[in-house]
$ cat run31.txt   # compact mmCIF, C-alpha atoms
# COMPACT_ATOMS: atom_id res chain seq x y z
CA MET A 1 26.03 13.75 9.83
CA GLU A 2 22.98 11.90 8.54
CA PRO A 3 23.81 8.54 6.92
CA THR A 4 23.49 8.06 3.19
CA TYR A 5 22.24 4.48 3.57
CA SER A 6 20.18 2.71 6.20
CA ILE A 7 19.85 -1.08 6.30
CA VAL A 8 16.98 -2.51 8.35
CA ILE A 9 16.93 -6.15 9.46
CA PRO A 10 13.85 -7.50 11.30
CA ALA A 11 14.79 -10.30 13.71
CA TYR A 12 12.80 -12.78 15.77
CA ASN A 13 14.71 -15.53 17.59
CA GLU A 14 17.61 -15.22 15.17
CA SER A 15 20.48 -15.96 17.59
CA THR A 16 21.78 -18.95 15.59
CA ARG A 17 22.49 -16.96 12.42
CA LEU A 18 22.36 -13.27 13.34
CA GLY A 19 26.02 -13.03 14.33
CA ALA A 20 27.18 -14.22 10.91
CA THR A 21 24.70 -11.87 9.23
CA LEU A 22 25.93 -8.84 11.15
CA GLU A 23 29.54 -9.68 10.34
CA LYS A 24 28.76 -9.89 6.63
CA VAL A 25 26.68 -6.72 6.48
CA LEU A 26 29.02 -4.59 8.57
CA SER A 27 32.04 -5.86 6.63
CA TYR A 28 30.35 -4.99 3.34
CA VAL A 29 29.32 -1.52 4.53
CA HIS A 30 32.83 -0.68 5.69
CA THR A 31 34.50 -2.19 2.63
CA GLN A 32 32.30 -0.03 0.41
CA GLY A 33 33.21 3.03 2.46
CA TRP A 34 29.55 3.83 2.97
CA ASN A 35 28.25 6.41 5.40
CA ALA A 36 25.64 3.97 6.65
CA GLU A 37 23.69 2.74 9.63
CA LEU A 38 22.52 -0.81 10.30
CA ILE A 39 19.32 -1.18 12.32
CA VAL A 40 18.24 -4.52 13.78
CA VAL A 41 14.63 -4.60 14.99
CA ASN A 42 14.13 -7.18 17.71
CA ASP A 43 10.57 -8.51 17.53
CA GLY A 44 10.22 -9.68 21.13
CA SER A 45 12.70 -12.54 20.77
CA HIS A 46 13.00 -15.11 23.56
CA ASP A 47 16.60 -15.99 22.76
CA ASP A 48 19.86 -13.99 22.70
CA THR A 49 19.00 -11.94 19.59
CA ALA A 50 19.05 -8.58 21.41
CA GLU A 51 22.23 -9.39 23.35
CA ILE A 52 24.06 -10.35 20.15
CA VAL A 53 23.15 -6.99 18.61
CA ARG A 54 24.27 -5.11 21.73
CA THR A 55 27.61 -6.94 21.69
CA PHE A 56 28.25 -5.98 18.07
CA ALA A 57 26.98 -2.43 18.60
CA ALA A 58 29.44 -1.91 21.46
CA LYS A 59 32.23 -2.41 18.93
CA ASP A 60 30.68 -0.73 15.89
CA PRO A 61 28.69 2.54 16.15
CA ALA A 62 27.16 1.92 12.72
CA LEU A 63 24.88 -0.67 14.35
CA ARG A 64 21.95 0.02 16.63
CA LEU A 65 19.12 -1.97 18.15
CA VAL A 66 15.42 -1.08 18.00
CA GLU A 67 13.07 -3.01 20.28
CA ASN A 68 9.44 -3.78 19.48
CA PRO A 69 6.87 -3.77 22.32
CA GLY A 70 6.69 -7.56 22.31
CA ASN A 71 6.23 -9.89 19.35
CA ARG A 72 4.28 -7.96 16.71
CA GLY A 73 5.26 -9.57 13.40
CA LYS A 74 7.56 -8.97 10.47
CA GLY A 75 5.47 -6.17 9.00
CA TYR A 76 5.49 -4.23 12.26
CA SER A 77 9.23 -4.81 12.59
CA VAL A 78 10.00 -3.52 9.11
CA ARG A 79 7.80 -0.45 9.62
CA ASN A 80 9.40 0.25 13.00
CA GLY A 81 12.89 0.01 11.53
CA MET A 82 12.11 2.05 8.43
CA LEU A 83 10.64 4.88 10.49
CA HIS A 84 13.72 4.91 12.74
CA ALA A 85 16.04 5.10 9.73
CA HIS A 86 17.73 8.36 8.75
CA GLY A 87 19.41 7.40 5.47
CA ARG A 88 18.58 9.00 2.14
CA VAL A 89 18.17 5.42 0.93
CA VAL A 90 16.61 2.84 3.25
CA LEU A 91 16.84 -0.87 2.48
CA PHE A 92 15.37 -3.78 4.39
CA SER A 93 16.68 -7.32 4.25
CA ASP A 94 15.77 -10.65 5.84
CA ALA A 95 18.01 -11.78 8.68
CA ASP A 96 19.04 -14.91 6.79
CA LEU A 97 20.44 -12.86 3.87
CA SER A 98 18.62 -15.04 1.35
CA SER A 99 19.64 -12.26 -1.02
CA PRO A 100 23.33 -11.56 -0.29
CA ILE A 101 23.99 -8.06 0.96
CA GLU A 102 26.22 -7.49 -2.09
CA GLU A 103 22.99 -7.43 -4.16
CA ALA A 104 22.14 -4.11 -2.49
CA ALA A 105 24.25 -2.40 -5.15
CA LYS A 106 21.69 -3.41 -7.80
CA LEU A 107 18.84 -1.82 -5.87
CA ILE A 108 20.81 1.35 -5.21
CA GLN A 109 21.79 1.66 -8.87
CA THR A 110 18.12 1.35 -9.80
CA LEU A 111 17.24 4.20 -7.43
CA GLU A 112 20.06 6.32 -8.82
CA ALA A 113 18.66 5.69 -12.31
CA GLY A 114 15.35 7.30 -11.34
CA ALA A 115 13.19 4.79 -9.45
CA ASP A 116 11.77 5.74 -6.05
CA ILE A 117 11.51 2.14 -4.89
CA ALA A 118 13.54 -0.87 -6.02
CA ILE A 119 12.25 -4.33 -5.11
CA GLY A 120 14.30 -7.48 -5.35
CA SER A 121 12.71 -10.15 -7.51
CA ARG A 122 13.32 -13.89 -7.48
CA TRP A 123 11.18 -14.54 -10.54
CA LEU A 124 12.07 -11.75 -12.95
CA ARG A 125 15.02 -13.95 -13.92
CA ALA A 126 14.57 -17.32 -12.23
CA GLU A 127 18.11 -18.37 -13.08
CA THR A 128 19.39 -15.99 -10.39
CA GLN A 129 18.05 -18.35 -7.73
CA THR A 130 20.95 -20.25 -6.18
CA GLN A 131 18.64 -22.50 -4.15
CA ARG A 132 15.01 -22.78 -5.18
CA GLN A 133 12.05 -23.08 -2.86
CA PRO A 134 10.31 -26.44 -2.45
CA VAL A 135 7.71 -27.07 -5.16
CA TYR A 136 4.78 -26.54 -2.79
CA ARG A 137 6.14 -23.11 -1.86
CA GLN A 138 6.52 -22.21 -5.54
CA ILE A 139 2.90 -23.21 -6.22
CA PHE A 140 1.70 -21.22 -3.22
CA GLY A 141 3.65 -18.21 -4.46
CA ARG A 142 2.14 -18.37 -7.94
CA ILE A 143 -1.41 -18.62 -6.55
CA PHE A 144 -0.75 -15.72 -4.18
CA ASN A 145 0.65 -13.62 -7.02
CA LEU A 146 -2.44 -14.27 -9.13
CA LEU A 147 -4.72 -13.22 -6.26
CA LEU A 148 -2.71 -10.02 -5.84
CA ARG A 149 -3.24 -9.18 -9.49
CA LEU A 150 -6.98 -9.80 -9.25
CA THR A 151 -7.58 -8.21 -5.85
CA LEU A 152 -5.14 -5.30 -5.70
CA GLY A 153 -4.05 -4.87 -9.31
CA LEU A 154 -0.37 -5.44 -8.44
CA HIS A 155 1.34 -6.73 -11.58
CA PHE A 156 4.75 -7.56 -10.14
CA LYS A 157 6.48 -10.88 -10.68
CA ASP A 158 7.49 -11.06 -7.02
CA THR A 159 6.07 -8.99 -4.17
CA GLN A 160 7.34 -11.14 -1.28
CA CYS A 161 11.12 -11.04 -1.68
CA GLY A 162 12.45 -9.59 1.58
CA PHE A 163 14.91 -7.27 -0.12
CA LYS A 164 13.61 -3.80 -0.98
CA ALA A 165 15.07 -0.29 -1.09
CA PHE A 166 13.31 3.08 -0.80
CA LYS A 167 14.25 6.71 -1.15
CA GLN A 168 13.49 8.58 2.06
CA PRO A 169 10.46 10.52 0.69
CA ALA A 170 8.81 7.19 -0.16
CA VAL A 171 9.55 5.87 3.34
CA GLN A 172 7.93 8.91 4.94
CA ALA A 173 4.85 8.73 2.71
CA ILE A 174 4.20 4.98 2.85
CA PHE A 175 5.22 3.44 6.16
CA PRO A 176 3.25 5.70 8.54
CA LEU A 177 0.11 4.44 6.77
CA GLN A 178 1.04 0.75 6.82
CA LYS A 179 -1.56 -1.27 8.75
CA ILE A 180 -0.59 -4.90 8.13
CA GLU A 181 1.80 -6.14 10.81
CA ARG A 182 2.59 -9.68 9.69
CA TRP A 183 3.48 -11.48 6.45
CA GLY A 184 1.05 -9.63 4.18
CA PHE A 185 2.69 -6.22 4.58
CA ASP A 186 4.63 -6.34 1.28
CA PRO A 187 1.55 -6.03 -0.96
CA GLU A 188 0.28 -3.21 1.25
CA ILE A 189 3.40 -1.05 0.89
CA LEU A 190 3.46 -1.69 -2.87
CA PHE A 191 -0.24 -0.83 -3.09
CA LEU A 192 0.46 2.44 -1.27
CA ALA A 193 3.46 3.11 -3.53
CA ARG A 194 1.21 2.85 -6.57
CA LYS A 195 -1.54 4.92 -4.91
CA PHE A 196 0.89 7.77 -4.29
CA GLY A 197 2.46 7.55 -7.72
CA PHE A 198 5.96 6.41 -6.76
CA ARG A 199 8.11 4.81 -9.43
CA VAL A 200 8.60 1.14 -8.50
CA GLN A 201 11.11 -1.03 -10.36
CA GLU A 202 11.61 -4.78 -9.99
CA VAL A 203 15.24 -5.87 -9.98
CA PRO A 204 16.42 -9.47 -10.47
CA VAL A 205 18.62 -10.47 -7.52
CA ALA A 206 20.51 -13.56 -6.48
CA TRP A 207 18.50 -15.47 -3.93
CA GLY A 208 18.76 -18.80 -2.13
CA HIS A 209 15.96 -20.49 -0.18
CA SER A 210 16.58 -20.74 3.56
CA GLY A 211 15.15 -23.72 5.41
CA GLY A 212 14.61 -21.69 8.56
CA THR A 213 11.55 -19.81 7.27
CA ARG A 214 8.58 -19.78 9.66
CA ILE A 215 5.79 -19.23 7.15
CA HIS A 216 3.11 -21.94 6.89
CA PRO A 217 1.56 -22.00 3.39
CA LEU A 218 -1.99 -22.93 4.44
CA ILE A 219 -2.36 -21.00 7.70
CA ASP A 220 -0.38 -17.93 6.68
CA GLY A 221 -1.70 -18.12 3.12
CA SER A 222 -5.28 -17.83 4.36
CA ARG A 223 -4.30 -14.95 6.63
CA MET A 224 -2.50 -13.18 3.79
CA PHE A 225 -5.56 -13.47 1.56
CA MET A 226 -7.68 -11.86 4.27
CA GLU A 227 -5.07 -9.13 4.53
CA MET A 228 -5.45 -8.47 0.80
CA LEU A 229 -9.12 -7.83 1.39
CA HIS A 230 -8.27 -5.59 4.35
CA ILE A 231 -5.97 -3.54 2.12
CA ARG A 232 -8.76 -3.02 -0.40
CA TRP A 233 -11.20 -2.16 2.40
CA ASN A 234 -8.75 0.27 4.02
CA ASP A 235 -8.41 2.07 0.73
CA LEU A 236 -12.15 2.24 0.12
CA THR A 237 -12.78 3.60 3.62
CA GLY A 238 -10.12 6.32 3.38
CA LYS A 239 -7.63 4.85 5.85
CA TYR A 240 -4.82 5.36 3.33
CA ASP A 241 -5.63 8.98 2.68
CA ALA A 242 -2.91 11.48 3.58
CA GLY A 243 -2.93 11.83 7.35
CA PRO A 244 -0.65 12.78 10.25
CA GLY A 245 2.10 10.47 9.00
CA ILE A 246 2.49 12.29 5.66
CA PRO A 247 3.86 15.82 5.48
CA ALA A 248 1.26 18.43 4.53
CA GLN A 249 3.21 19.28 1.38
CA ALA A 250 3.32 15.62 0.26
CA ALA A 251 0.67 16.06 -2.41
CA ASN A 252 2.91 18.57 -4.14
CA THR A 253 6.29 16.97 -3.52
CA LEU A 254 5.75 13.24 -4.01
CA PRO A 255 7.90 12.15 -6.97
CA GLY A 256 6.61 10.29 -9.98
CA ARG A 257 3.02 11.49 -9.88
CA GLY A 258 2.54 10.02 -13.34
CA GLY A 259 2.19 6.53 -11.86
CA ALA A 260 4.27 3.61 -10.72
CA ARG A 261 6.35 1.65 -13.20
CA HIS A 262 6.08 -2.13 -12.95
$ encode --input "run31.txt" --output "structure tokens"
Amino acid sequence: MEPTYSIVIPAYNESTRLGATLEKVLSYVHTQGWNAELIVVNDGSHDDTAEIVRTFAAKDPALRLVENPGNRGKGYSVRNGMLHAHGRVVLFSDADLSSPIEEAAKLIQTLEAGADIAIGSRWLRAETQTQRQPVYRQIFGRIFNLLLRLTLGLHFKDTQCGFKAFKQPAVQAIFPLQKIERWGFDPEILFLARKFGFRVQEVPVAWGHSGGTRIHPLIDGSRMFMEMLHIRWNDLTGKYDAGPGIPAQAANTLPGRGGARH
């Protein structure tokens, strides 16, 4: 029987905290009585990440491991996991659970209320943050958000929160066309969601900054800005037009053709 929910966790050298994360997620899934699968995507880790997943999976069939062909980046990992997921609702979460897995209920409720995509937001209600980012990260985020508005027309408070849920038709329409493989993939999938007319709803979620993040504001910030330009170029050159990754009937069956809600 196909699962109702799929949870995708990208992981790169996460051996120090992945065990605790898997315990929390699997415990939550079973406590809720969900028909669910948990997919961990190993992004070419050099530590025991894959072995930890295999150990847990041997005891719990709800968990399975997907391996990337080497280290490809978070965007590639999320896409790989989403396209391996079978749930009617597919959610991806960071391995550090900066947003507790219990917050998934808010995203699912938003989908049940009519949205096609529910994205966790740290800034829709800033008081939900249990541990704020350092000031320099907050400034970087605000500048990045402004550039997204100007370059891609994305008017969301928070595009980068690693906690998003999709109905399966949105997964099948968006992720086969995703090109960005590293940190800048979030704006790309939201750009595609708007292009195809999916209903996108921001949802305030509890969130706490994790000190283990690997993003470098200057280096990765410059790369992410270039990726914004690539997204615009890809669209102008037809690389996001319906292709082999989208069912032929997609133009007639995609929900929310009236436009995305922000």
$ residues_around --input "run31.txt" --residues "Glu102 (chain A)" --least-positions-apart "5" --cutoff "12 Å" --atoms "only C-alpha atoms" --output "PyMOL selection string"
chain A and resi 24-29+31-32+93+97+107-108+163+205-207
$ closest_residue --input "run31.txt" --among "A:Val66, A:Glu14, A:Glu227, A:Asp60" --to "His46 (chain A)" --atoms "all atoms listed in the file"
A:Glu14
$ closest_residue --input "run31.txt" --among "A:Gly238, A:Pro169, A:Gly162, A:Gly197" --to "Pro10 (chain A)" --atoms "all atoms listed in the file"
A:Gly162
$ axis_aligned_box --input "run31.txt" --around "region 164-178 of chain A" --padding-each-side "8 Å" --output "AutoDock Vina command-line options"
--center_x 7.6 --center_y 3.4 --center_z 3.7 --size_x 31.0 --size_y 30.3 --size_z 25.7
$ closest_residue --input "run31.txt" --among "A:Ser121, A:Asn145, A:Phe166, A:Ala113" --to "Ser6 (chain A)" --atoms "only C-alpha atoms"
A:Phe166
$ closest_residue --input "run31.txt" --among "A:Gly153, A:Gly19, A:Gly70, A:Pro204" --to "Asp96 (chain A)" --atoms "all atoms listed in the file"
A:Gly19
$ closest_residue --input "run31.txt" --among "A:Pro176, A:Pro69, A:Pro187, A:Gly81" --to "His155 (chain A)" --atoms "all atoms listed in the file"
A:Pro187
$ closest_residue --input "run31.txt" --among "A:Phe225, A:Tyr240, A:Tyr76, A:Trp233" --to "Lys195 (chain A)" --atoms "all atoms listed in the file"
A:Tyr240
$ atom_distance --input "run31.txt" --atom1 "CA of Asn71 (chain A)" --atom2 "CA of Asp43 (chain A)"
4.9 Å
$ residues_around --input "run31.txt" --residues "Ala118 (chain A)" --least-positions-apart "2" --cutoff "12 Å" --atoms "all atoms listed in the file" --output "PyMOL selection string"
chain A and resi 89-92+103-116+120-121+156+158-159+161-167+170+190+193+198-205+260-262
$ residues_around --input "run31.txt" --residues "Asn68 (chain A)" --least-positions-apart "2" --cutoff "12 Å" --atoms "all atoms listed in the file" --output "PDB file with C-alpha atoms, in the coordinates of the input"
ATOM      1  CA  PRO A  10      13.850  -7.500  11.300  1.00  0.00           C
ATOM      2  CA  ALA A  11      14.790 -10.300  13.710  1.00  0.00           C
ATOM      3  CA  TYR A  12      12.800 -12.780  15.770  1.00  0.00           C
ATOM      4  CA  VAL A  40      18.240  -4.520  13.780  1.00  0.00           C
ATOM      5  CA  VAL A  41      14.630  -4.600  14.990  1.00  0.00           C
ATOM      6  CA  ASN A  42      14.130  -7.180  17.710  1.00  0.00           C
ATOM      7  CA  ASP A  43      10.570  -8.510  17.530  1.00  0.00           C
ATOM      8  CA  GLY A  44      10.220  -9.680  21.130  1.00  0.00           C
ATOM      9  CA  SER A  45      12.700 -12.540  20.770  1.00  0.00           C
ATOM     10  CA  ALA A  50      19.050  -8.580  21.410  1.00  0.00           C
ATOM     11  CA  LEU A  65      19.120  -1.970  18.150  1.00  0.00           C
ATOM     12  CA  VAL A  66      15.420  -1.080  18.000  1.00  0.00           C
ATOM     13  CA  GLY A  70       6.690  -7.560  22.310  1.00  0.00           C
ATOM     14  CA  ASN A  71       6.230  -9.890  19.350  1.00  0.00           C
ATOM     15  CA  ARG A  72       4.280  -7.960  16.710  1.00  0.00           C
ATOM     16  CA  GLY A  73       5.260  -9.570  13.400  1.00  0.00           C
ATOM     17  CA  LYS A  74       7.560  -8.970  10.470  1.00  0.00           C
ATOM     18  CA  GLY A  75       5.470  -6.170   9.000  1.00  0.00           C
ATOM     19  CA  TYR A  76       5.490  -4.230  12.260  1.00  0.00           C
ATOM     20  CA  SER A  77       9.230  -4.810  12.590  1.00  0.00           C
ATOM     21  CA  VAL A  78      10.000  -3.520   9.110  1.00  0.00           C
ATOM     22  CA  ARG A  79       7.800  -0.450   9.620  1.00  0.00           C
ATOM     23  CA  ASN A  80       9.400   0.250  13.000  1.00  0.00           C
ATOM     24  CA  GLY A  81      12.890   0.010  11.530  1.00  0.00           C
ATOM     25  CA  HIS A  84      13.720   4.910  12.740  1.00  0.00           C
ATOM     26  CA  GLU A 181       1.800  -6.140  10.810  1.00  0.00           C
TER      27      GLU A 181
END
$ atom_distance --input "run31.txt" --atom1 "CA of Ile39 (chain A)" --atom2 "CA of Arg64 (chain A)"
5.2 Å
